[in-house]
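Trainee: Here you go, this is upload.cif (mmCIF, C-alpha atoms).
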data_run
#
loop_
_atom_site.label_atom_id
_atom_site.label_comp_id
_atom_site.auth_asym_id
_atom_site.auth_seq_id
_atom_site.Cartn_x
_atom_site.Cartn_y
_atom_site.Cartn_z
CA MET J 1 -53.88 98.68 -65.93
CA ALA J 2 -55.58 96.94 -63.02
CA ASN J 3 -58.72 96.52 -65.12
CA ALA J 4 -56.77 95.00 -67.98
CA ARG J 5 -55.31 92.48 -65.58
CA THR J 6 -58.72 91.58 -64.18
CA ASP J 7 -60.15 91.11 -67.67
CA LEU J 8 -57.36 88.76 -68.60
CA MET J 9 -57.97 86.74 -65.45
CA GLN J 10 -61.70 86.52 -66.05
CA GLY J 11 -61.20 85.47 -69.64
CA THR J 12 -58.78 82.81 -68.50
CA LEU J 13 -61.21 81.52 -65.90
CA GLU J 14 -63.90 81.23 -68.58
CA LEU J 15 -61.50 79.27 -70.78
CA LEU J 16 -60.81 76.87 -67.90
CA ILE J 17 -64.54 76.40 -67.28
CA LEU J 18 -65.25 75.81 -70.98
CA LYS J 19 -62.48 73.22 -71.15
CA THR J 20 -63.75 71.47 -68.00
CA LEU J 21 -67.32 71.33 -69.29
CA SER J 22 -66.20 70.01 -72.69
CA ARG J 23 -65.80 66.58 -71.08
CA ASP J 24 -69.08 66.32 -69.19
CA SER J 25 -71.90 68.31 -67.62
CA MET J 26 -71.04 69.29 -64.05
CA HIS J 27 -72.21 71.31 -61.06
CA GLY J 28 -70.23 74.27 -59.74
CA TYR J 29 -68.42 72.30 -57.04
CA GLY J 30 -67.46 69.63 -59.60
CA ILE J 31 -66.05 72.25 -61.96
CA ALA J 32 -63.96 73.77 -59.16
CA GLN J 33 -62.67 70.33 -58.14
CA GLN J 34 -61.75 69.42 -61.71
CA ILE J 35 -59.82 72.66 -62.17
CA HIS J 36 -58.01 72.20 -58.84
CA GLN J 37 -57.02 68.65 -59.77
CA ALA J 38 -56.04 69.41 -63.36
CA ALA J 39 -53.92 72.37 -62.25
CA ASP J 40 -52.32 70.19 -59.57
CA ASP J 41 -53.22 72.85 -56.98
CA LEU J 42 -50.99 75.42 -58.73
CA LEU J 43 -54.01 77.60 -59.42
CA LYS J 44 -55.85 78.51 -56.29
CA ILE J 45 -59.38 79.45 -57.30
CA GLU J 46 -61.84 81.19 -55.03
CA ASP J 47 -64.67 78.71 -55.57
CA GLY J 48 -67.32 81.43 -55.43
CA SER J 49 -65.73 83.37 -58.28
CA LEU J 50 -66.79 80.56 -60.61
CA TYR J 51 -70.45 81.46 -60.29
CA PRO J 52 -70.47 84.99 -61.75
CA ALA J 53 -68.38 83.56 -64.60
CA LEU J 54 -70.85 80.68 -65.06
CA TYR J 55 -73.83 83.07 -65.06
CA ARG J 56 -72.12 85.37 -67.56
CA MET J 57 -71.33 82.43 -69.81
CA GLU J 58 -74.94 81.24 -69.62
CA GLU J 59 -76.08 84.75 -70.51
CA ARG J 60 -73.84 84.64 -73.61
CA GLY J 61 -75.25 81.24 -74.58
CA TRP J 62 -72.00 79.31 -74.17
CA ILE J 63 -73.47 77.02 -71.53
CA THR J 64 -76.92 75.94 -70.34
CA SER J 65 -77.97 74.84 -66.88
CA ASP J 66 -80.50 72.38 -65.53
CA TRP J 67 -81.37 71.15 -62.08
CA GLY J 68 -80.64 67.49 -61.50
CA VAL J 69 -79.66 65.06 -58.78
CA SER J 70 -76.04 64.94 -57.66
CA GLU J 71 -73.94 61.89 -56.74
CA ASN J 72 -74.95 62.39 -53.08
CA ASN J 73 -78.67 62.52 -53.98
CA ARG J 74 -78.98 66.27 -53.54
CA ARG J 75 -80.65 68.70 -55.94
CA ALA J 76 -77.89 70.46 -57.84
CA LYS J 77 -77.59 72.72 -60.85
CA PHE J 78 -75.65 71.12 -63.70
CA TYR J 79 -73.96 73.12 -66.42
CA LYS J 80 -73.52 71.90 -69.97
CA LEU J 81 -71.57 73.26 -72.93
CA THR J 82 -73.61 74.43 -75.93
CA ARG J 83 -72.52 74.40 -79.55
CA ALA J 84 -71.70 78.11 -79.26
CA GLY J 85 -69.65 77.30 -76.16
CA ARG J 86 -67.68 74.66 -78.02
CA LYS J 87 -66.91 77.16 -80.77
CA GLN J 88 -65.87 79.69 -78.14
CA LEU J 89 -63.61 77.11 -76.52
CA ASP J 90 -61.86 76.46 -79.84
CA ALA J 91 -61.44 80.17 -80.49
CA GLU J 92 -60.22 80.91 -76.96
CA SER J 93 -57.79 77.99 -77.02
CA VAL J 94 -56.21 79.24 -80.23
CA ASN J 95 -56.05 82.74 -78.77
CA TRP J 96 -54.46 81.47 -75.56
CA GLU J 97 -51.83 79.51 -77.54
CA ARG J 98 -51.00 82.63 -79.51
CA ILE J 99 -50.67 84.81 -76.39
CA SER J 100 -48.59 82.30 -74.45
CA GLN J 101 -46.29 81.73 -77.44
CA ALA J 102 -45.82 85.47 -77.84
CA ILE J 103 -45.04 85.97 -74.14
CA THR J 104 -42.66 83.00 -74.09
CA ARG J 105 -40.87 84.39 -77.13
CA ILE J 106 -40.51 87.81 -75.53
CA LEU J 107 -39.23 86.31 -72.26
CA GLN J 108 -36.67 84.25 -74.13
CA THR J 109 -35.31 87.15 -76.17
CA THR J 110 -35.03 89.82 -73.45
CA MET Q 1 -93.38 72.51 -74.08
CA LYS Q 2 -94.61 72.73 -70.48
CA ALA Q 3 -91.01 72.77 -69.28
CA VAL Q 4 -90.09 75.58 -71.68
CA ILE Q 5 -93.07 77.72 -70.55
CA GLY Q 6 -92.27 76.98 -66.89
CA ARG Q 7 -88.69 77.97 -67.46
CA LEU Q 8 -89.68 81.23 -69.14
CA PHE Q 9 -91.99 82.19 -66.27
CA LYS Q 10 -89.31 81.25 -63.76
CA ARG Q 11 -86.96 83.74 -65.38
CA PHE Q 12 -89.45 86.51 -64.65
CA ASP Q 13 -89.51 85.67 -60.96
CA SER Q 14 -86.55 87.37 -59.27
CA GLU Q 15 -87.34 85.78 -55.88
CA GLU Q 16 -87.15 82.37 -57.51
CA ASN Q 17 -83.78 83.31 -59.05
CA LYS Q 18 -82.50 84.43 -55.65
CA ARG Q 19 -83.70 81.21 -54.01
CA GLU Q 20 -82.03 79.13 -56.70
CA ILE Q 21 -78.72 80.97 -56.29
CA GLU Q 22 -78.87 80.45 -52.52
CA GLU Q 23 -79.65 76.75 -52.98
CA GLU Q 24 -76.79 76.38 -55.43
CA PHE Q 25 -74.33 78.08 -53.05
CA ALA Q 26 -75.61 76.07 -50.07
CA PHE Q 27 -74.95 72.85 -52.00
CA HIS Q 28 -71.41 73.98 -52.86
CA LEU Q 29 -70.67 75.07 -49.28
CA GLU Q 30 -72.00 71.79 -47.91
CA LEU Q 31 -69.65 69.77 -50.14
CA LEU Q 32 -66.74 72.05 -49.24
CA THR Q 33 -67.51 71.56 -45.54
CA GLN Q 34 -67.59 67.80 -46.02
CA GLU Q 35 -64.24 68.00 -47.81
CA HIS Q 36 -62.72 69.89 -44.88
CA LEU Q 37 -64.31 67.53 -42.34
CA GLN Q 38 -62.34 64.71 -43.97
CA GLN Q 39 -59.18 66.63 -43.07
CA ASP Q 40 -59.96 66.10 -39.37
CA LEU Q 41 -61.25 69.61 -38.72
CA SER Q 42 -64.13 70.23 -36.33
CA LEU Q 43 -67.51 71.13 -37.84
CA ALA Q 44 -67.11 74.83 -36.98
CA GLU Q 45 -63.57 74.90 -38.40
CA ALA Q 46 -64.69 73.05 -41.53
CA LYS Q 47 -67.55 75.49 -42.10
CA ASP Q 48 -65.20 78.40 -41.60
CA ALA Q 49 -62.63 76.95 -44.01
CA ALA Q 50 -65.40 76.29 -46.56
CA LEU Q 51 -66.56 79.90 -46.35
CA ARG Q 52 -63.00 81.15 -46.76
CA ARG Q 53 -62.44 79.01 -49.82
CA PHE Q 54 -65.74 80.04 -51.34
CA GLY Q 55 -65.15 83.79 -50.90
CA ASN Q 56 -67.65 86.48 -50.01
CA VAL Q 57 -71.04 84.74 -50.30
CA GLU Q 58 -73.17 87.89 -50.25
CA LEU Q 59 -71.01 89.74 -52.75
CA ILE Q 60 -70.96 86.82 -55.18
CA LYS Q 61 -74.71 86.32 -54.75
CA GLY Q 62 -75.18 90.01 -55.61
CA GLN Q 63 -73.05 89.64 -58.75
CA CYS Q 64 -75.05 86.61 -59.89
CA LEU Q 65 -78.36 88.40 -59.24
CA VAL Q 66 -77.23 91.38 -61.31
CA ILE Q 67 -76.38 89.07 -64.20
CA THR Q 68 -79.73 87.23 -64.03
CA ARG Q 69 -81.57 90.56 -63.81
CA ARG Q 70 -79.58 91.94 -66.76
CA SER Q 71 -80.41 88.91 -68.89
CA HIS Q 72 -84.10 89.11 -67.92
CA PRO Q 73 -86.24 88.74 -71.11
CA LEU Q 74 -88.22 91.86 -70.26
CA MET Q 75 -85.03 93.92 -69.88
CA THR Q 76 -83.80 92.68 -73.25
CA VAL Q 77 -87.09 93.76 -74.88
CA VAL Q 78 -86.98 97.19 -73.20
CA LYS Q 79 -83.34 97.77 -74.19
CA SER Q 80 -84.04 96.74 -77.80
CA LEU Q 81 -87.03 99.09 -77.95
CA LEU Q 82 -84.92 101.97 -76.61
CA VAL Q 83 -82.21 101.35 -79.20
CA GLY Q 84 -84.88 101.18 -81.92
CA LEU Q 85 -86.48 104.44 -80.78
CA PHE Q 86 -83.10 106.15 -80.73
CA PHE Q 87 -82.34 105.22 -84.35
CA VAL Q 88 -85.84 106.17 -85.50
CA GLY Q 89 -85.24 109.54 -83.82
CA VAL Q 90 -81.91 109.97 -85.63
CA LEU Q 91 -83.55 109.11 -88.98
CA VAL Q 92 -86.42 111.53 -88.36
CA ARG Q 93 -83.96 114.26 -87.34
CA ILE Q 94 -81.81 113.80 -90.48
CA ASN Q 95 -84.71 113.63 -92.93
CA SER Q 96 -86.96 116.28 -91.40
CA THR Q 97 -87.50 119.54 -93.24
CA GLU Q 98 -90.21 120.87 -90.97
CA ARG Q 99 -89.40 122.23 -87.56
CA ASN Q 100 -92.13 120.28 -85.73
CA ILE Q 101 -90.96 116.97 -87.15
CA ALA Q 102 -87.38 117.84 -86.20
CA HIS Q 103 -88.57 118.39 -82.63
CA LEU Q 104 -90.26 114.99 -82.69
CA GLY Q 105 -86.91 113.53 -83.78
CA ASP Q 106 -85.19 115.27 -80.87
CA LEU Q 107 -87.76 113.81 -78.52
CA LEU Q 108 -87.28 110.32 -79.94
CA ILE Q 109 -83.53 110.66 -79.37
CA ALA Q 110 -83.81 112.15 -75.90
CA VAL Q 111 -86.38 109.72 -74.45
CA PRO Q 112 -84.30 106.52 -74.96
CA ILE Q 113 -81.17 108.25 -73.62
CA LEU Q 114 -83.06 109.43 -70.52
CA CYS Q 115 -84.67 106.00 -70.03
CA ARG Q 116 -81.28 104.30 -70.31
CA LEU Q 117 -79.84 106.71 -67.74
CA LEU Q 118 -82.82 106.05 -65.49
CA LEU Q 119 -82.29 102.28 -65.74
CA HIS Q 120 -78.68 102.88 -64.79
CA VAL Q 121 -79.55 105.07 -61.79
CA ARG Q 122 -82.33 102.72 -60.65
CA GLY Q 123 -79.67 100.18 -59.78
CA LEU Q 124 -79.51 98.10 -62.92
CA SER Q 125 -75.86 98.86 -63.29
CA PRO Q 126 -73.74 96.13 -61.67
CA SER Q 127 -71.29 98.56 -60.06
CA ARG Q 128 -74.04 100.53 -58.28
CA PHE Q 129 -75.87 97.39 -57.18
CA LEU Q 130 -72.67 95.90 -55.81
CA SER Q 131 -71.65 98.99 -53.90
CA GLU Q 132 -75.11 99.11 -52.25
CA HIS Q 133 -74.99 95.42 -51.55
CA LYS Q 134 -71.52 95.67 -50.11
CA ALA Q 135 -72.55 98.41 -47.68
CA ARG Q 136 -75.40 96.42 -46.14
CA SER Q 137 -73.92 92.93 -46.32
CA PRO Q 138 -73.60 91.32 -42.86
CA LEU Q 139 -71.54 88.45 -44.24
CA MET Q 140 -68.83 90.71 -45.61
CA LEU Q 141 -65.52 88.99 -45.04
CA ASN Q 142 -63.14 91.16 -47.05
CA GLU Q 143 -63.19 94.78 -48.06
CA THR Q 144 -62.47 94.01 -51.68
CA ALA Q 145 -63.66 91.25 -53.98
CA PRO Q 146 -61.16 88.44 -54.36
CA PRO Q 147 -59.36 87.97 -57.65
CA PRO Q 148 -60.73 85.03 -59.64
CA PHE Q 149 -57.63 83.00 -58.93
CA THR Q 150 -53.98 83.26 -57.96
CA ILE Q 151 -50.89 81.33 -58.86
CA TYR Q 152 -50.19 79.10 -55.91
CA ASP Q 153 -46.62 78.56 -54.82
CA HIS Q 154 -46.26 75.36 -52.76
CA ARG Q 155 -43.10 76.68 -51.09
CA LYS Q 156 -44.95 79.69 -49.71
CA ARG Q 157 -47.72 77.80 -47.89
CA THR Q 158 -48.56 78.90 -44.40
CA PRO Q 159 -47.82 76.36 -41.64
CA VAL Q 160 -51.54 75.65 -41.23
CA GLU Q 161 -52.01 74.99 -44.96
CA ARG Q 162 -48.93 72.74 -44.91
CA VAL Q 163 -50.27 70.72 -41.98
CA ILE Q 164 -53.70 70.34 -43.60
CA SER Q 165 -52.43 69.29 -47.02
CA ASP Q 166 -49.68 67.01 -45.68
CA LYS Q 167 -52.11 65.02 -43.54
#
Any chance you could give the structure as structure tokens?
Mentor:
Amino acid sequence: MANARTDLMQGTLELLILKTLSRDSMHGYGIAQQIHQAADDLLKIEDGSLYPALYRMEERGWITSDWGVSENNRRAKFYKLTRAGRKQLDAESVNWERISQAITRILQTT
Amino acid sequence: MKAVIGRLFKRFDSEENKREIEEEFAFHLELLTQEHLQQDLSLAEAKDAALRRFGNVELIKGQCLVITRRSHPLMTVVKSLLVGLFFVGVLVRINSTERNIAHLGDLLIAVPILCRLLLHVRGLSPSRFLSEHKARSPLMLNETAPPPFTIYDHRKRTPVERVISDK
């Protein structure tokens, strides 16, 4: 049961990262900031937990990374969505809609 | 072309991967520290808050290293070869009429299974690597890895968090 919960969380984190990167390429800190702001601080993310998710997503070919120069002139690794990542985002978004609708329906009826 | 070749060779260098992960984390921690410094914390407090918000640096670094090692091109080739050998072994075993050839099939099935087990025992399994890493990590902050994220209830903030965010 605990594992199932963790999987759901990780999948959700990946969806949030995919959505964030669909706008622009970003470094890890930027992604974390964007998620914090978009969620209006309702989701409290351990910033470090983004990185294993980012590396896994790169391994699966959903994102690519390249070193570049950040806004404060420091060397930083920027992540970018690939075509496979965009497809994954679409699929995951549809899946998320379906799950949230189902849960909402169950909560309303019981 | 040069960039592609350079990139490929870089992937073979685990020290380079480790250095890159450390550089990436250092950059993130530096920006987090700056963010906390703007909330009128002292440098030591800001660094501490940045580390807390980041999570367990050593544990996360270990997880990232396992993933880069797992996606190593050489590992992918080895794993594919093992799978190939296994299926060749199964085919030989099914189609063999002679005893010696059947034994060869057995060998072709057994070798990939043993090699895969060996790879697992040698520390290429994430769980084993992490448990070893956890035991020797000096920067261990928590006993267990943090969940990726939690739902944050504004009403349940600690006094310190309230003071910081209300400033």
Trainee: I'd like the residues picked by the PyMOL selection byres ((chain J) within 12 of (chain Q)) written out as a ChimeraX atom specification, using the chain letters and numbers from the file.
Mentor: /J:2-3,5-14,16,27-33,35-36,39-61,65-79
Trainee: With distances taken over all atoms listed in the file, which residue among J:Met26, J:Ile63, J:Ala38, J:Leu107 lies nearest Gln88 in chain J?
Mentor: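 Using all atoms listed in the file, the shortest distance to Gln88 in chain J belongs to J:Ile63.
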Trainee: Compare Q:Arg69, Q:Cys115, Q:Leu107, Q:Leu82 by their minimum atom-to-atom distance to Lys18 in chain Q, counting all atoms listed in the file, and give me the closest one.
Mentor: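 Smallest distance to Lys18 in chain Q is found for Q:Arg69.
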Trainee: Interatomic distance between CA of Leu118 in chain Q and CA of Asn100 in chain Q?
Mentor: 26.4 Å
Trainee: Which value, in Å to one decimal, gives the distance between CA of Ala102 in chain Q and CA of Val88 in chain Q?
Mentor: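 Interatomic distance, CA of Ala102 in chain Q to CA of Val88 in chain Q: 11.8 Å.
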